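Colleague: What follows is a structure written as structure tokens; I'll ask about it next.
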Amino acid sequence: MPQHTLPRPICAHCDGFPTVAITTGQTTPDGHRETVTATCHPCNGTGHTIPTSTSTGRVRVGR
């Protein structure tokens with residue numbers, strides 16, 4: 001029987017686009033535009049956030 005995994009939430013900082021190329025406005029000698037690659041730091045370039053673990057056990061308060 002297949003195991004189903006829940007989809008991970010999309011990163012709120014990059015909206016699922018973790019790596020982008022930004023033009024610098026400069027051109028190379030052969031006429032191409034120079035670009036810089038930027039990666040989303042909060043999600044480490046994955047585009048998804050890691051859900052926090054939830055406790056399903058009982059918590060004892062006092063004795």
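Chain labels run A, B, ... following the order of the structure tokens; each chain numbers its residues from 1, and ligands are numbered from 1 in the order shown.
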Write out as a list in words which residues come within 9 Å of Thr46 of chain A when counting only C-alpha atoms, dropping same-chain ones fewer than 3 positions away.

Modeller: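 Once the adjacent positions are removed, what remains is Cys11, Gly16, Phe17, Pro18, Thr19, Cys40, Cys43 and Thr49 of chain A.
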
Colleague: Within 10 Å of segment 20-23 of chain A, counting only C-alpha atoms, which residues qualify if same-chain residues fewer than 2 places away don't, as a list in words?

Modeller: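 The neighbour list is Cys14, Phe17, Pro18, Gly25, Gln26, Thr27, Arg33, Glu34, Thr35, Val36, Thr37, Ala38, Thr39, Cys40 and Gly45 of chain A.
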
Colleague: As an exercise, work out the distance from atom CA of Asn44 of chain A to atom CA of Thr24 of chain A in Å and give it to one decimal place.

Modeller: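 Computed distance, atom CA of Asn44 of chain A to atom CA of Thr24 of chain A, equals 23.0 Å.
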